[in-house]
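Engineer: Let me give you the structure first, and then I'll get to my questions.
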Amino acid sequence: MPPDPTATATATATAREIVAGLCAAQASIAPKYFYDTAGSALFEQITQLPEYYLTRTERAIMATHADALALRIGPGATVIEAGAGNCEKARTLCATIRPRCFVGVDIAAAFLQQAVAGLRREFPSLDVRSVVADLLDEIVLPADLPSGRRLVFYPGSSIGNFAPEAALGLLQRLRRLTDADGALLIGVDLVKSKAILEAAYDDAAGVTAAFNLNVLRHINRLLTADFDLAHWRHRSFFNEEQSRIEMHLEARCATQVSWPTGCRNFRRAERIHTENSYKYRVADFAGLLRRAGFGRHVCWTDAQQWFAVFLAEP
Ligand code: AVJ
């Protein structure tokens with residue numbers, strides 16, 4: 001059978017993008033490559049770690065304000081979740097606001113299909129759809145969505161992966177997915193003490209380290225490359241000036257990686273930048289929402305002000 005031309009073109013574009021990142025003076029791998037099947041499972045484990053306060057704090061905030069949310073959105077809405085992952089949060093949200101339709105958008109196709117199938121079983125009368133997309137591109141929704149009010153859901157502080165200007169661009173794209181009567185429900189991690197932030201990204205059990213290193217295994221498959229995972233270690237720290245956690249992979253020794261069309265040498269202690277996770281102050285994020293075209297919002301936080309959930313409307 002001849003190769004599928006679309007799949008081949010996508011594979012080539014992906015390979016080019018990865019090679020460009022690896023060959024840059026400051027090498028980098030985009031965080032979307034964390035989420036192969038193993039990486040998605042490791043991330044799920046991260047969300048249950050004692051140090052990783054984000055998921056459970058967001059869940060608690062949402063539970064506290066569930067009634068207010070249900071009242072504001074009303075039943076029969078269409079929920080569009082960006083970066084749906086395992087659809088765990090969608091489950092709770094759907095039980096709370098009783099939407100008519102749910103659209104899961106994620107880059108990890110296989111993981112998403114499995115997750116939406118679970119959602120269908122749990123909510124037999126819910127119209128469940130899935131869209132495989134990179135949030136950096138324009139998100140194309142199915143043409144035949146029901147006409148109800150739209151709620152775009154972007155939980156987990158995933159927005160933190162984008163630098164503020166890129167985050168603004170993404171918020172504008174999310175704004176375009178909603179109608180005049182639509183809304184955005186978004187979770188955002190807040191600035192707090194360096195010790196708490198750094199523990200959340202370097203847990204005692206080493207799950208975050210395994211998650212970070214796993215990206216090399218994924219790149220080996222995507223690029224037919226030969227990263228030796230034993231040559232690399234997990235590094236993460238809070239960059240106060242940029243208000244972001246940075247994750248890197250650091251070479252334990254001089255090492256080389258090669259792929260069919262090239263190679264790169266790394267010196268001992270040289271790093272590959274794998275992720276930024278921006279932390280906001282409430283007022284700064286509110287400013288971004290306004291600039292993205294959301295004129296009104298409410299902001300809910302926990303007692304320690306560690307995390308914020310914004311419900312924003314045009
Ligand atoms: C999925 C981007 C929200 O930044 O906290 C967790 C990813 N990386 N531990 C985050 C992540 C390391 C996570 N986000």
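Convention: chains lettered A, B, ... in structure tokens order; per-chain residue numbering from 1; ligands numbered from 1 as shown.
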When DSSP works through the backbone of this structure, what residues of segment 158-274 of chain A end up as strand (DSSP E or B), shown as an MDAnalysis selection string?

Structural biologist: chainID A and resid 183:190 232:239 244:251 255:259 262:266 271:274

Engineer: Segment 60-77 of chain A: which residues within 12 Å, counting only C-alpha atoms, same-chain residues fewer than 6 positions away excluded, as a ChimeraX atom specification?

Structural biologist: /A:53-54,89-90,92-103,125-127,145-153,155-156,178-179,181-188,297-313

Engineer: From a backbone DSSP assignment, name each residue in segment 30-264 of chain A labelled alpha helix (DSSP H), as a PyMOL selection string.

Structural biologist: chain A and resi 37-46+53-64+66-73+88-97+109-122+164-177+194-200+207-223

Engineer: Give the residue list for ligand 1 at 10 Å, counting only C-alpha atoms and all ligand atoms, as a PyMOL selection string, sorted by chain and then by residue number.

Structural biologist: chain A and resi 31-32+34-35+40+42-47+52-55+83+85+155-162+187-189+197+200-203+207-209+211-212+236+244-247+274-279

Engineer: Those selected residues, please, written with C-alpha atoms and delivered as a PDB file, in the first residue's frame.

Structural biologist:
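The result, stored in again-v1.pdb:
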```pdb
ATOM      1  CA  PRO A  31       5.823  20.503  25.867  1.00  0.00           C
ATOM      2  CA  LYS A  32       3.087  19.052  23.633  1.00  0.00           C
ATOM      3  CA  PHE A  34       5.209  15.072  26.650  1.00  0.00           C
ATOM      4  CA  TYR A  35       1.839  13.532  25.929  1.00  0.00           C
ATOM      5  CA  SER A  40      -0.322  11.125  29.513  1.00  0.00           C
ATOM      6  CA  LEU A  42       2.579   9.930  33.996  1.00  0.00           C
ATOM      7  CA  PHE A  43       0.858  13.324  33.946  1.00  0.00           C
ATOM      8  CA  GLU A  44      -2.219  11.706  35.462  1.00  0.00           C
ATOM      9  CA  GLN A  45       0.051  10.401  38.252  1.00  0.00           C
ATOM     10  CA  ILE A  46       1.517  13.900  38.731  1.00  0.00           C
ATOM     11  CA  THR A  47      -1.963  15.287  39.374  1.00  0.00           C
ATOM     12  CA  TYR A  52       1.266  18.950  42.970  1.00  0.00           C
ATOM     13  CA  TYR A  53      -1.414  21.141  44.525  1.00  0.00           C
ATOM     14  CA  LEU A  54      -2.828  22.477  41.230  1.00  0.00           C
ATOM     15  CA  THR A  55      -5.350  19.785  40.283  1.00  0.00           C
ATOM     16  CA  GLY A  83      -6.755  19.978  26.191  1.00  0.00           C
ATOM     17  CA  GLY A  85      -6.799  14.811  28.411  1.00  0.00           C
ATOM     18  CA  PRO A 155      -8.772  23.910  33.172  1.00  0.00           C
ATOM     19  CA  GLY A 156      -5.570  22.874  34.913  1.00  0.00           C
ATOM     20  CA  SER A 157      -3.538  26.030  34.251  1.00  0.00           C
ATOM     21  CA  SER A 158      -2.591  24.608  30.870  1.00  0.00           C
ATOM     22  CA  ILE A 159      -2.572  28.245  29.718  1.00  0.00           C
ATOM     23  CA  GLY A 160       0.649  28.436  31.782  1.00  0.00           C
ATOM     24  CA  ASN A 161       2.572  26.677  29.009  1.00  0.00           C
ATOM     25  CA  PHE A 162       2.277  29.810  26.879  1.00  0.00           C
ATOM     26  CA  GLY A 187      -8.038  27.595  35.657  1.00  0.00           C
ATOM     27  CA  VAL A 188      -4.857  29.568  36.330  1.00  0.00           C
ATOM     28  CA  ASP A 189      -2.015  28.839  38.744  1.00  0.00           C
ATOM     29  CA  LEU A 197       6.262  25.996  43.384  1.00  0.00           C
ATOM     30  CA  ALA A 200       5.354  20.810  42.730  1.00  0.00           C
ATOM     31  CA  TYR A 201       7.704  20.370  39.753  1.00  0.00           C
ATOM     32  CA  ASP A 202      10.310  18.167  41.430  1.00  0.00           C
ATOM     33  CA  ASP A 203       8.407  15.682  43.569  1.00  0.00           C
ATOM     34  CA  VAL A 207       7.261  11.153  38.847  1.00  0.00           C
ATOM     35  CA  THR A 208       7.870  14.613  37.333  1.00  0.00           C
ATOM     36  CA  ALA A 209      11.443  13.559  36.505  1.00  0.00           C
ATOM     37  CA  PHE A 211       7.530  12.581  32.911  1.00  0.00           C
ATOM     38  CA  ASN A 212      10.226  14.997  31.720  1.00  0.00           C
ATOM     39  CA  SER A 236      13.341  22.449  37.220  1.00  0.00           C
ATOM     40  CA  ARG A 244       7.563  30.803  35.381  1.00  0.00           C
ATOM     41  CA  ILE A 245       8.644  27.316  36.328  1.00  0.00           C
ATOM     42  CA  GLU A 246      11.168  26.092  33.800  1.00  0.00           C
ATOM     43  CA  MET A 247      11.800  22.424  33.136  1.00  0.00           C
ATOM     44  CA  THR A 274      11.250  21.264  27.717  1.00  0.00           C
ATOM     45  CA  GLU A 275       8.617  23.410  29.438  1.00  0.00           C
ATOM     46  CA  ASN A 276       7.605  26.779  30.842  1.00  0.00           C
ATOM     47  CA  SER A 277       4.736  26.964  33.284  1.00  0.00           C
ATOM     48  CA  TYR A 278       3.783  30.601  33.883  1.00  0.00           C
ATOM     49  CA  LYS A 279       2.331  31.710  37.209  1.00  0.00           C
TER      50      LYS A 279
END
```

Engineer: Quick one: everything within 8 Å of Phe227 of chain A, counting only C-alpha atoms, minus sequence neighbours fewer than 4 positions away in the same chain. Send it as a PyMOL selection string.

Structural biologist: chain A and resi 216-217+220+256-258

Engineer: For atom CA of Leu213 of chain A and atom CA of Asn239 of chain A, determine how far apart the two atoms are, in Å to one decimal place.

Structural biologist: 20.7 Å
